[in-house]
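Visitor: Structure file target37.tsv, TSV, C-alpha atoms, is pasted below:
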chain	number	residue	atom	x	y	z
Q	252	MET	CA	0.79	-3.72	18.72
Q	253	ASP	CA	1.87	-4.04	15.10
Q	254	VAL	CA	0.18	-7.03	13.47
Q	255	ILE	CA	1.65	-6.54	9.98
Q	256	GLU	CA	5.20	-5.34	9.33
Q	257	ALA	CA	7.09	-4.63	6.13
Q	258	VAL	CA	10.69	-3.46	6.50
Q	259	ASP	CA	12.64	-2.32	3.42
Q	260	VAL	CA	10.79	-4.89	1.32
Q	261	ARG	CA	11.82	-5.53	-2.27
Q	262	ARG	CA	10.43	-7.83	-4.95
Q	263	ARG	CA	12.06	-8.56	-8.27
Q	264	TYR	CA	10.72	-10.48	-11.25
Q	265	GLY	CA	13.48	-12.03	-13.31
Q	266	THR	CA	16.32	-9.64	-14.03
Q	267	GLY	CA	15.94	-5.87	-14.14
Q	268	CYS	CA	12.27	-5.82	-13.09
Q	269	GLU	CA	11.84	-4.53	-9.52
Q	270	ALA	CA	8.17	-4.10	-8.68
Q	271	VAL	CA	8.69	-3.25	-4.99
Q	272	ARG	CA	11.66	-1.05	-4.08
Q	273	GLY	CA	12.26	-0.74	-0.36
Q	274	VAL	CA	8.76	-0.45	1.10
Q	275	SER	CA	8.33	-0.10	4.87
Q	276	PHE	CA	5.10	0.25	6.87
Q	277	ALA	CA	3.31	-1.31	9.83
Q	278	VAL	CA	-0.37	-2.03	10.50
Q	279	ARG	CA	-1.63	-1.88	14.07
Q	280	GLU	CA	-3.97	-4.37	15.65
Q	281	GLY	CA	-7.62	-3.66	14.85
Q	282	GLU	CA	-7.09	-0.96	12.22
Q	283	VAL	CA	-7.86	-0.72	8.51
Q	284	TYR	CA	-4.79	0.19	6.43
Q	285	ALA	CA	-5.13	0.99	2.72
Q	286	LEU	CA	-2.52	0.81	-0.04
Q	287	LEU	CA	-3.30	3.17	-2.93
Q	288	GLY	CA	-1.49	3.48	-6.22
Q	289	ALA	CA	-1.74	3.55	-10.00
Q	290	HIS	CA	-1.08	0.77	-12.50
Q	291	GLY	CA	2.18	-1.02	-11.66
Q	292	ALA	CA	2.67	0.86	-8.39
Q	293	GLY	CA	3.45	-2.39	-6.55
Q	294	LYS	CA	0.38	-2.75	-4.31
Q	295	THR	CA	-0.55	-6.31	-5.18
Q	296	SER	CA	3.08	-7.39	-5.36
Q	297	THR	CA	3.52	-6.11	-1.80
Q	298	VAL	CA	0.36	-7.74	-0.46
Q	299	GLU	CA	1.29	-11.10	-2.01
Q	300	LEU	CA	4.49	-11.07	0.02
Q	301	LEU	CA	2.51	-10.47	3.21
Q	302	GLU	CA	0.11	-13.26	2.28
Q	303	GLY	CA	3.06	-15.64	1.99
Q	304	LEU	CA	2.52	-16.27	-1.72
Q	305	ALA	CA	6.12	-15.32	-2.50
Q	306	ARG	CA	9.37	-14.60	-0.70
Q	307	PRO	CA	10.76	-11.04	-0.68
Q	308	SER	CA	13.85	-10.43	-2.80
Q	309	GLY	CA	15.04	-8.23	0.05
Q	310	GLY	CA	13.89	-6.89	3.38
Q	311	ARG	CA	11.55	-8.53	5.89
Q	312	VAL	CA	7.82	-9.13	6.28
Q	313	ARG	CA	5.97	-10.33	9.38
Q	314	VAL	CA	2.31	-11.13	10.02
Q	315	LEU	CA	1.29	-11.76	13.62
Q	316	GLY	CA	5.01	-11.78	14.43
Q	317	LEU	CA	5.64	-14.67	12.03
Q	318	ASP	CA	7.21	-15.10	8.60
Q	319	PRO	CA	4.15	-15.66	6.36
Q	320	ARG	CA	6.18	-17.74	3.89
Q	321	ALA	CA	8.48	-19.81	6.09
Q	322	GLU	CA	5.83	-20.24	8.82
Q	323	ARG	CA	2.83	-20.45	6.53
Q	324	ALA	CA	1.26	-23.37	8.42
Q	325	ARG	CA	1.02	-21.17	11.53
Q	326	VAL	CA	0.00	-17.94	9.78
Q	327	ARG	CA	-2.56	-19.16	7.23
Q	328	PRO	CA	-5.22	-20.39	9.73
Q	329	ARG	CA	-5.25	-16.94	11.34
Q	330	THR	CA	-5.68	-14.93	8.12
Q	331	GLY	CA	-8.36	-14.42	5.49
Q	332	VAL	CA	-7.57	-13.47	1.90
Q	333	LEU	CA	-9.72	-11.88	-0.80
Q	334	LEU	CA	-7.89	-11.89	-4.13
Q	335	GLN	CA	-8.67	-9.61	-7.07
Q	336	ASP	CA	-10.08	-12.64	-8.89
Q	337	GLY	CA	-11.32	-15.36	-6.56
Q	338	GLY	CA	-11.80	-18.04	-9.21
Q	339	LEU	CA	-15.09	-19.45	-7.87
Q	340	ALA	CA	-16.48	-22.73	-9.23
Q	341	ALA	CA	-19.25	-21.62	-11.58
Q	342	GLU	CA	-21.49	-24.67	-11.22
Q	343	LEU	CA	-21.62	-24.76	-7.42
Q	344	THR	CA	-24.36	-22.95	-5.55
Q	345	VAL	CA	-23.63	-20.18	-3.06
Q	346	ALA	CA	-24.26	-22.47	-0.07
Q	347	GLU	CA	-22.17	-25.29	-1.57
Q	348	THR	CA	-19.29	-22.91	-2.18
Q	349	LEU	CA	-19.33	-21.64	1.38
Q	350	ARG	CA	-19.68	-25.14	2.87
Q	351	MET	CA	-16.66	-26.23	0.83
Q	352	GLY	CA	-14.70	-23.25	2.17
Q	353	ALA	CA	-15.78	-24.03	5.73
Q	354	GLY	CA	-14.42	-27.54	5.31
Q	355	CYS	CA	-10.94	-26.14	4.73
Q	356	VAL	CA	-10.59	-24.30	8.06
Q	357	SER	CA	-10.40	-25.52	11.65
Q	358	ARG	CA	-12.88	-23.09	13.27
Q	359	PRO	CA	-15.45	-22.23	10.60
Q	360	ARG	CA	-18.31	-19.84	11.12
Q	361	ALA	CA	-21.79	-21.30	10.72
Q	362	THR	CA	-22.70	-21.24	7.02
Q	363	ASP	CA	-26.23	-19.90	7.58
Q	364	GLU	CA	-24.93	-17.13	9.86
Q	365	LEU	CA	-22.32	-16.05	7.35
Q	366	LEU	CA	-24.75	-16.14	4.41
Q	367	GLU	CA	-27.08	-13.89	6.39
Q	368	ARG	CA	-24.23	-11.54	7.20
Q	369	VAL	CA	-23.22	-11.09	3.55
Q	370	GLY	CA	-26.80	-10.84	2.29
Q	371	LEU	CA	-26.91	-14.17	0.43
Q	372	ALA	CA	-29.26	-16.14	2.68
Q	373	GLY	CA	-32.66	-17.50	1.65
Q	374	PRO	CA	-33.29	-18.16	-2.05
Q	375	ARG	CA	-29.92	-16.69	-3.11
Q	376	ALA	CA	-28.10	-19.45	-1.22
Q	377	ASP	CA	-29.29	-21.99	-3.83
Q	378	VAL	CA	-28.29	-19.92	-6.86
Q	379	ARG	CA	-25.35	-21.18	-8.93
Q	380	VAL	CA	-22.28	-18.95	-8.80
Q	381	LYS	CA	-22.36	-18.34	-12.56
Q	382	LEU	CA	-25.75	-16.62	-12.17
Q	383	LEU	CA	-24.68	-14.17	-9.45
Q	384	SER	CA	-24.21	-10.48	-10.10
Q	385	GLY	CA	-20.72	-9.02	-9.79
Q	386	ALA	CA	-21.55	-7.56	-6.37
Q	387	GLU	CA	-22.96	-10.89	-5.14
Q	388	ARG	CA	-19.88	-12.79	-6.32
Q	389	ARG	CA	-17.68	-10.33	-4.46
Q	390	ARG	CA	-19.73	-10.74	-1.26
Q	391	LEU	CA	-19.42	-14.51	-1.57
Q	392	GLU	CA	-15.65	-14.21	-2.00
Q	393	LEU	CA	-15.54	-12.02	1.09
Q	394	ALA	CA	-17.60	-14.59	2.99
Q	395	LEU	CA	-14.97	-17.22	2.07
Q	396	ALA	CA	-12.26	-14.90	3.42
Q	397	LEU	CA	-14.21	-14.52	6.67
Q	398	VAL	CA	-15.26	-18.15	7.14
Q	399	GLY	CA	-12.23	-19.05	9.31
Q	400	ARG	CA	-12.68	-16.17	11.81
Q	401	PRO	CA	-9.44	-14.44	10.70
Q	402	GLU	CA	-7.41	-12.18	12.94
Q	403	VAL	CA	-5.94	-10.52	9.84
Q	404	LEU	CA	-7.87	-9.88	6.62
Q	405	PHE	CA	-6.17	-9.12	3.28
Q	406	LEU	CA	-8.51	-7.49	0.75
Q	407	ASP	CA	-7.14	-6.91	-2.75
Q	408	GLU	CA	-9.54	-4.53	-4.56
Q	409	PRO	CA	-12.53	-5.72	-2.47
Q	410	THR	CA	-15.16	-3.79	-4.46
Q	411	ALA	CA	-13.85	-4.57	-7.95
Q	412	GLY	CA	-16.75	-5.18	-10.33
Q	413	THR	CA	-19.43	-3.90	-7.96
Q	414	ASP	CA	-21.91	-1.07	-8.33
Q	415	ALA	CA	-22.40	1.73	-5.81
Q	416	GLU	CA	-24.89	-0.25	-3.72
Q	417	GLY	CA	-22.69	-3.35	-3.69
Q	418	ARG	CA	-19.69	-1.25	-2.75
Q	419	ARG	CA	-21.44	0.19	0.29
Q	420	GLU	CA	-22.54	-3.30	1.37
Q	421	ILE	CA	-18.93	-4.49	1.31
Q	422	TRP	CA	-17.87	-1.37	3.22
Q	423	ARG	CA	-20.38	-2.37	5.90
Q	424	LEU	CA	-18.84	-5.83	6.14
Q	425	VAL	CA	-15.33	-4.38	6.43
Q	426	ARG	CA	-16.45	-2.04	9.23
Q	427	GLU	CA	-18.08	-4.94	11.06
Q	428	SER	CA	-14.87	-6.94	10.80
Q	429	ARG	CA	-12.85	-4.07	12.22
Q	430	ALA	CA	-15.36	-3.60	15.03
Q	431	ALA	CA	-14.90	-7.28	15.88
Q	432	GLY	CA	-11.14	-6.70	16.25
Q	433	THR	CA	-9.93	-7.92	12.85
Q	434	THR	CA	-6.94	-6.12	11.35
Q	435	VAL	CA	-7.54	-5.26	7.69
Q	436	LEU	CA	-5.05	-4.47	4.92
Q	437	LEU	CA	-6.71	-3.50	1.65
Q	438	THR	CA	-5.69	-2.25	-1.75
Q	439	THR	CA	-8.15	-0.11	-3.66
Q	440	HIS	CA	-8.42	2.22	-6.63
Q	441	HIS	CA	-11.47	3.95	-5.13
Q	442	LEU	CA	-10.25	6.98	-3.21
Q	443	ALA	CA	-13.66	7.41	-1.60
Q	444	GLU	CA	-13.27	3.84	-0.32
Q	445	ALA	CA	-9.96	4.67	1.32
Q	446	GLU	CA	-11.41	7.83	2.89
Q	447	GLU	CA	-14.45	5.91	4.12
Q	448	LEU	CA	-12.66	2.88	5.59
Q	449	ALA	CA	-8.99	3.51	6.25
Q	450	ASP	CA	-7.60	4.57	9.60
Q	451	ARG	CA	-4.27	5.09	7.84
Q	452	LEU	CA	-3.05	4.69	4.28
Q	453	ALA	CA	0.01	4.72	2.05
Q	454	ILE	CA	0.18	5.97	-1.53
Q	455	MET	CA	2.59	3.92	-3.64
Q	456	ARG	CA	4.35	5.13	-6.76
Q	457	GLY	CA	6.88	3.18	-8.78
Q	458	GLY	CA	7.29	0.48	-6.16
Q	459	ARG	CA	7.91	2.95	-3.33
Q	460	ILE	CA	5.74	4.70	-0.74
Q	461	ALA	CA	5.32	8.34	-1.74
Q	462	ALA	CA	3.23	9.38	1.28
Q	463	ALA	CA	1.71	7.73	4.35
Q	464	GLY	CA	-0.42	8.62	7.36
Q	465	THR	CA	-4.07	9.19	8.14
Q	466	PRO	CA	-6.15	10.52	5.23
Q	467	GLU	CA	-6.16	13.89	6.98
Q	468	GLU	CA	-2.36	13.90	7.37
Q	469	VAL	CA	-1.81	13.01	3.72
Q	470	THR	CA	-4.12	15.74	2.47
Q	471	ALA	CA	-2.83	18.31	4.97
Q	472	ALA	CA	0.58	18.10	3.31
Q	473	ARG	CA	-0.92	19.44	0.05
Q	474	PRO	CA	-1.81	23.12	-0.55
Q	475	SER	CA	-5.36	24.37	-0.10
Q	476	ARG	CA	-7.16	26.12	-2.96
Q	477	ILE	CA	-9.06	29.40	-3.25
Q	478	ARG	CA	-10.95	30.24	-6.44
Q	479	PHE	CA	-13.09	33.18	-7.53
Q	480	THR	CA	-13.91	35.42	-10.50
Q	481	LEU	CA	-12.50	38.94	-10.65
Q	482	PRO	CA	-15.22	41.61	-10.63
Q	483	ASP	CA	-15.63	43.84	-13.67
Q	484	GLY	CA	-13.24	46.75	-13.57
Q	485	VAL	CA	-10.72	44.97	-11.35
Q	486	ALA	CA	-7.53	43.97	-13.14
Q	487	PRO	CA	-5.37	41.00	-12.05
Q	488	ALA	CA	-2.65	43.53	-11.23
Q	489	HIS	CA	-4.85	44.82	-8.39
Q	490	LEU	CA	-4.66	41.51	-6.49
Q	491	PRO	CA	-2.64	41.61	-3.24
Q	492	LEU	CA	1.01	40.94	-4.06
Q	493	SER	CA	1.44	38.86	-0.91
Q	494	VAL	CA	-0.98	36.22	-2.24
Q	495	PRO	CA	0.53	34.49	-5.33
Q	496	ALA	CA	-2.28	33.76	-7.76
Q	497	ALA	CA	-2.74	32.12	-11.15
Q	498	VAL	CA	-5.11	34.01	-13.42
Q	499	ASP	CA	-6.92	32.62	-16.49
Q	500	GLY	CA	-8.95	35.38	-18.01
Q	501	ARG	CA	-10.94	36.60	-15.03
Q	502	ARG	CA	-10.75	33.30	-13.10
Q	503	VAL	CA	-8.30	33.36	-10.18
Q	504	GLU	CA	-6.83	30.36	-8.41
Q	505	ILE	CA	-4.63	30.60	-5.31
Q	506	ARG	CA	-2.72	27.60	-3.94
Q	507	THR	CA	-1.58	28.08	-0.38
Q	508	GLU	CA	-0.47	26.17	2.68
Q	509	ARG	CA	-1.95	28.93	4.88
Q	510	MET	CA	-5.56	29.07	3.73
Q	511	GLN	CA	-6.95	31.05	6.66
Q	512	GLU	CA	-4.43	33.86	6.30
Q	513	ALA	CA	-4.72	33.97	2.50
Q	514	LEU	CA	-8.53	33.90	2.55
Q	515	THR	CA	-8.65	36.61	5.21
Q	516	GLU	CA	-6.41	38.84	3.10
Q	517	ILE	CA	-8.49	38.28	-0.03
Q	518	LEU	CA	-11.75	39.04	1.80
Q	519	LEU	CA	-10.32	42.20	3.38
Q	520	TRP	CA	-9.03	43.27	-0.04
Q	521	ALA	CA	-12.49	42.71	-1.58
Q	522	ARG	CA	-14.17	44.65	1.21
Q	523	ALA	CA	-11.75	47.56	0.79
Q	524	LEU	CA	-12.66	47.68	-2.92
Q	525	ASP	CA	-16.35	47.17	-2.11
Q	526	VAL	CA	-16.65	44.33	-4.62
Q	527	THR	CA	-18.20	40.86	-4.60
Q	528	LEU	CA	-16.09	37.85	-5.54
Q	529	ASP	CA	-18.39	35.67	-7.64
Q	530	GLY	CA	-17.87	31.91	-7.41
Q	531	LEU	CA	-15.73	32.19	-4.28
Q	532	ASP	CA	-14.68	28.70	-3.26
Q	533	ALA	CA	-12.11	27.85	-0.58
Q	534	ARG	CA	-11.31	24.28	0.37
Q	535	ALA	CA	-8.56	22.09	1.72
Q	536	ALA	CA	-6.91	19.61	-0.62
Q	537	SER	CA	-8.85	16.39	-1.19
Q	538	LEU	CA	-7.36	12.92	-1.08
Q	539	GLU	CA	-7.89	12.76	-4.83
Q	540	GLU	CA	-5.79	15.90	-5.35
Q	541	ALA	CA	-3.07	14.58	-3.06
Q	542	PHE	CA	-3.14	11.24	-4.85
Q	543	LEU	CA	-2.85	12.76	-8.32
Q	544	ASP	CA	-0.09	15.13	-7.26
Q	545	LEU	CA	1.91	12.32	-5.67
Q	546	VAL	CA	1.35	9.81	-8.47
Q	547	TYR	CA	2.27	12.14	-11.31
Q	548	ALA	CA	5.00	14.14	-9.54
Q	549	GLY	CA	8.23	12.43	-10.43
Q	550	ALA	CA	6.50	9.63	-12.35
Q	551	ALA	CA	9.08	9.88	-15.13
Q	552	ASP	CA	11.86	9.42	-12.57
Q	553	ASP	CA	10.23	6.22	-11.34
Q	554	ARG	CA	10.13	4.71	-14.81
Q	555	ASP	CA	13.90	4.38	-14.95
Q	556	GLY	CA	14.08	0.89	-16.35
Q	557	GLU	CA	13.66	-0.92	-13.02
Q	558	GLY	CA	9.87	-1.11	-13.11
Q	559	TRP	CA	7.49	-3.20	-15.16
Q	560	PRO	CA	8.72	-3.46	-18.76
Q	561	GLY	CA	6.16	-2.47	-21.32
Q	562	ARG	CA	4.03	-0.44	-18.91
Q	563	THR	CA	4.35	3.05	-20.27
Q	564	GLY	CA	1.70	4.93	-18.30
Q	565	TYR	CA	-0.19	5.14	-15.09
Q	566	GLY	CA	-3.64	4.91	-16.61
Q	567	GLY	CA	-6.63	7.14	-16.11
Q	568	GLY	CA	-9.88	7.10	-14.26
Q	569	TYR	CA	-8.68	8.24	-10.87
Q	570	GLY	CA	-10.96	9.43	-8.13
Q	571	ASN	CA	-14.01	7.23	-7.61
Q	572	GLY	CA	-13.90	5.43	-10.94
Q	573	PRO	CA	-11.97	2.52	-12.43
Q	574	GLY	CA	-8.57	2.69	-14.01
Q	575	VAL	CA	-6.11	2.40	-11.13
Q	576	SER	CA	-5.08	-1.08	-10.14
Q	577	ALA	CA	-2.05	-2.90	-8.92
Please re-express this file's structure in structure tokens.
Guide:
Amino acid sequence: MDVIEAVDVRRRYGTGCEAVRGVSFAVREGEVYALLGAHGAGKTSTVELLEGLARPSGGRVRVLGLDPRAERARVRPRTGVLLQDGGLAAELTVAETLRMGAGCVSRPRATDELLERVGLAGPRADVRVKLLSGAERRRLELALALVGRPEVLFLDEPTAGTDAEGRREIWRLVRESRAAGTTVLLTTHHLAEAEELADRLAIMRGGRIAAAGTPEEVTAARPSRIRFTLPDGVAPAHLPLSVPAAVDGRRVEIRTERMQEALTEILLWARALDVTLDGLDARAASLEEAFLDLVYAGAADDRDGEGWPGRTGYGGGYGNGPGVSA
């Protein structure tokens, strides 16, 4: 059953600024679905529509079969939301913050149980929010999103501001939520996070979905890569003509959608010449390679005056580092 639906969704800001341009996808019950994209891709703008924070300029969104804006009173008690910036009260303690959140929902989890689950029980429960580390603040914000036992969980950059250890702790909490039957929609700029957590994902570019599917399906659509160094005495002209290759000095790179056949031909060719191919490396495309190819391919076409004014680039820091946000 589809728990989240977006059908030809559009979102405009003022006149001439269309952040979301006909996005369609569905999230099944009990799965983790990730939205990836560069700066201004439209991830957060899309999620805000599903959270009921704004009305689409066009198209249709449904959460649990309901309109999250028009039927907010019915949808909100069944969802949990983690924003990019939670805006916690700095002077409250961890326990006070969570008790306040529990008072706003009809079926709250026990505060002590939830503090234990997010690793903030014991002495940390009495620490003021302003003294928490970035990872601890993020875990507290996630605890607030989980306090009402949500059927659907929206996570906007859930590991923003956390270190590697904090990131893995949040991944554990997301997996536990999925195992308990919660449907999760998350945005992230950490590709390793999407590979680790997502059952399916969509890569957004310029307010549209450029590719979607399981991580394996998205990467399978990109060419594999074979690299090696030409042996001494072997000229690039001696390479098999049936395997198109790019040569830089003595370094050879082959991009192919048929890696097994291409690699077999290269190895048979090397054996026939009785040579060793130093640095031989053959691998399928990674999610990072697929992401970069999709984000940059046609990026100039996407910036056609309909996107965010004043945003002239897609930023840097892809892969597992910062630099890609909604």
Visitor: What does the distance between CA of Glu299 in chain Q and CA of Asp407 in chain Q come to in Å, to one decimal place?
Guide: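 Interatomic distance, CA of Glu299 in chain Q to CA of Asp407 in chain Q: 9.4 Å.
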Visitor: Hey, what's within 6 Å of Gly310 in chain Q if we count only C-alpha atoms and toss same-chain stuff fewer than 3 positions away? As an MDAnalysis selection string, please?
Guide: chainID Q and resid 258:260
Visitor: I'd like the interatomic distance between CA of Ala277 in chain Q and CA of Thr465 in chain Q, to a tenth of an Å.
Guide: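 Computed distance, CA of Ala277 in chain Q to CA of Thr465 in chain Q, equals 12.9 Å.
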Visitor: Work out where the centre of an axis-aligned box around every listed atom of range 470-476 of chain Q lies and how long its edges are once 3 Å is added on each side; give both in Å to one decimal as AutoDock Vina command-line options.
Guide:
--center_x -3.3 --center_y 20.9 --center_z 1.0 --size_x 13.7 --size_y 16.4 --size_z 13.9
Visitor: Would you work out the distance separating CA of His441 in chain Q from CA of Ala411 in chain Q, expressed in Å to one decimal?
Guide: 9.3 Å
Visitor: Considering only C-alpha atoms, can you say which of Q:Ile255, Q:Leu391, Q:Leu343, Q:Ile454 comes closest to Ala541 in chain Q?
Guide: Q:Ile454
Visitor: Residues within 12 Å of Val326 in chain Q, please, as a list in words. Count all atoms listed in the file; anything in the same chain fewer than 2 positions from it doesn't count.
Guide: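 So the residues in contact are Val254, Ile255, Leu301, Glu302, Gly303, Leu304, Arg313, Val314, Leu315, Gly316, Leu317, Asp318, Pro319, Arg320, Ala321, Glu322, Arg323, Ala324, Pro328, Arg329, Thr330, Gly331, Val332, Pro401, Glu402, Val403 and Leu404 of chain Q.
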Visitor: Rank Q:Pro307, Q:Pro374, Q:Pro359, Q:Pro474 by their smallest atom-to-atom distance to Arg400 in chain Q, using all atoms listed in the file, and report the top residue only.
Guide: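 When distances to Arg400 in chain Q are compared using all atoms listed in the file, the smallest one comes from Q:Pro359.
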Visitor: Using all atoms listed in the file, pick whichever of Q:Ala536, Q:Leu406, Q:Ala462, Q:Leu382 has the shortest atom-to-atom distance to Ala340 in chain Q.
Guide: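 Between Q:Ala536, Q:Leu406, Q:Ala462, Q:Leu382, the residue approaching Ala340 in chain Q most closely is Q:Leu382.
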Visitor: Show me, as a PDB file with C-alpha atoms, in the frame of the given file, the residues that have an atom within 7 Å of Gly412 in chain Q when counting only C-alpha atoms, minus same-chain residues fewer than 2 positions from it.
Guide:
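part-v4.pdb, freshly written:
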ATOM      1  CA  GLY Q 385     -20.720  -9.020  -9.790  1.00  0.00           C
ATOM      2  CA  ALA Q 386     -21.550  -7.560  -6.370  1.00  0.00           C
ATOM      3  CA  THR Q 410     -15.160  -3.790  -4.460  1.00  0.00           C
ATOM      4  CA  ASP Q 414     -21.910  -1.070  -8.330  1.00  0.00           C
TER       5      ASP Q 414
END
Visitor: Which residues come within 12 Å of Pro409 in chain Q, counting only C-alpha atoms, excluding same-chain residues fewer than 6 positions away, as a ChimeraX atom specification?
Guide: /Q:285,332-337,385-394,396,417-425,435-441,444-445,448,576
Visitor: Find the residue from Q:Asp483, Q:Leu492, Q:Arg451, Q:Gly288 that sits nearest to Tyr547 in chain Q; use all atoms listed in the file when measuring.
Guide: Q:Gly288
Visitor: Go ahead and find all residues with at least one atom no further than 10 Å from (-12.0, 7.6, -2.3) in the file's coordinates, using only C-alpha atoms; report them as a ChimeraX atom specification.
Guide: /Q:287,439-449,466,537-539,542,569-572
Visitor: If you count all atoms listed in the file, which residues fall within 9 Å of Ala431 in chain Q, apart from same-chain ones fewer than 4 positions away, as a PyMOL selection string?
Guide: chain Q and resi 281+426-427
Visitor: Which is closer to Arg534 in chain Q than all the others in Q:Ile477, Q:Ala346, Q:Ala305, Q:Val356, using all atoms listed in the file?
Guide: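 The shortest atom-to-atom distance to Arg534 in chain Q comes from Q:Ile477.
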Visitor: Could you tell me, as a list in words, which residues have any atom at most 9 Å from (-3.3, -2.7, 18.7), counting only C-alpha atoms?
Guide: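 Here the neighbourhood of the point contains Met252, Asp253, Val254, Val278, Arg279, Glu280, Gly281, Glu282 and Thr434 of chain Q.
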Visitor: Which of these, Q:Arg459, Q:Val312, Q:Leu452, Q:Tyr284, has the shortest distance to Val546 in chain Q once you count all atoms listed in the file?
Guide: Q:Arg459
Visitor: Can we get range 435-454 of chain Q of that structure written down with N, CA and C atoms, as a compact mmCIF listing (two decimals), in the first residue's frame?
Guide:
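Produced file part30.txt, reproduced below:
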# COMPACT_ATOMS: atom_id res chain seq x y z
N VAL Q 435 9.17 5.91 6.32
CA VAL Q 435 10.10 7.02 6.49
C VAL Q 435 10.41 7.66 5.13
N LEU Q 436 10.25 8.99 5.06
CA LEU Q 436 10.70 9.77 3.91
C LEU Q 436 11.78 10.71 4.41
N LEU Q 437 12.98 10.60 3.84
CA LEU Q 437 14.07 11.46 4.29
C LEU Q 437 14.74 12.16 3.12
N THR Q 438 15.25 13.34 3.40
CA THR Q 438 16.14 14.02 2.47
C THR Q 438 17.54 13.96 3.07
N THR Q 439 18.54 13.86 2.25
CA THR Q 439 19.90 13.79 2.76
C THR Q 439 20.89 14.24 1.69
N HIS Q 440 22.02 14.78 2.15
CA HIS Q 440 23.12 15.06 1.22
C HIS Q 440 24.26 14.07 1.40
N HIS Q 441 24.06 13.07 2.27
CA HIS Q 441 25.05 12.02 2.46
C HIS Q 441 24.65 10.82 1.61
N LEU Q 442 25.40 10.56 0.55
CA LEU Q 442 25.06 9.45 -0.33
C LEU Q 442 25.23 8.11 0.40
N ALA Q 443 26.21 8.02 1.28
CA ALA Q 443 26.37 6.79 2.06
C ALA Q 443 25.14 6.55 2.93
N GLU Q 444 24.53 7.63 3.40
CA GLU Q 444 23.32 7.52 4.21
C GLU Q 444 22.17 6.93 3.38
N ALA Q 445 22.02 7.41 2.17
CA ALA Q 445 20.97 6.88 1.30
C ALA Q 445 21.22 5.41 0.98
N GLU Q 446 22.47 5.05 0.70
CA GLU Q 446 22.79 3.65 0.40
C GLU Q 446 22.55 2.76 1.62
N GLU Q 447 22.84 3.29 2.80
CA GLU Q 447 22.71 2.52 4.03
C GLU Q 447 21.26 2.31 4.44
N LEU Q 448 20.40 3.32 4.23
CA LEU Q 448 19.06 3.30 4.79
C LEU Q 448 17.93 3.07 3.79
N ALA Q 449 18.09 3.60 2.58
CA ALA Q 449 16.94 3.69 1.68
C ALA Q 449 16.63 2.37 0.98
N ASP Q 450 15.35 1.99 1.01
CA ASP Q 450 14.88 0.90 0.17
C ASP Q 450 14.79 1.36 -1.28
N ARG Q 451 14.31 2.60 -1.46
CA ARG Q 451 14.27 3.22 -2.78
C ARG Q 451 14.61 4.69 -2.62
N LEU Q 452 14.95 5.33 -3.74
CA LEU Q 452 15.34 6.73 -3.68
C LEU Q 452 15.02 7.42 -4.99
N ALA Q 453 15.01 8.75 -4.94
CA ALA Q 453 14.86 9.56 -6.14
C ALA Q 453 15.91 10.66 -6.09
N ILE Q 454 16.55 10.91 -7.22
CA ILE Q 454 17.51 11.99 -7.34
C ILE Q 454 16.82 13.15 -8.05
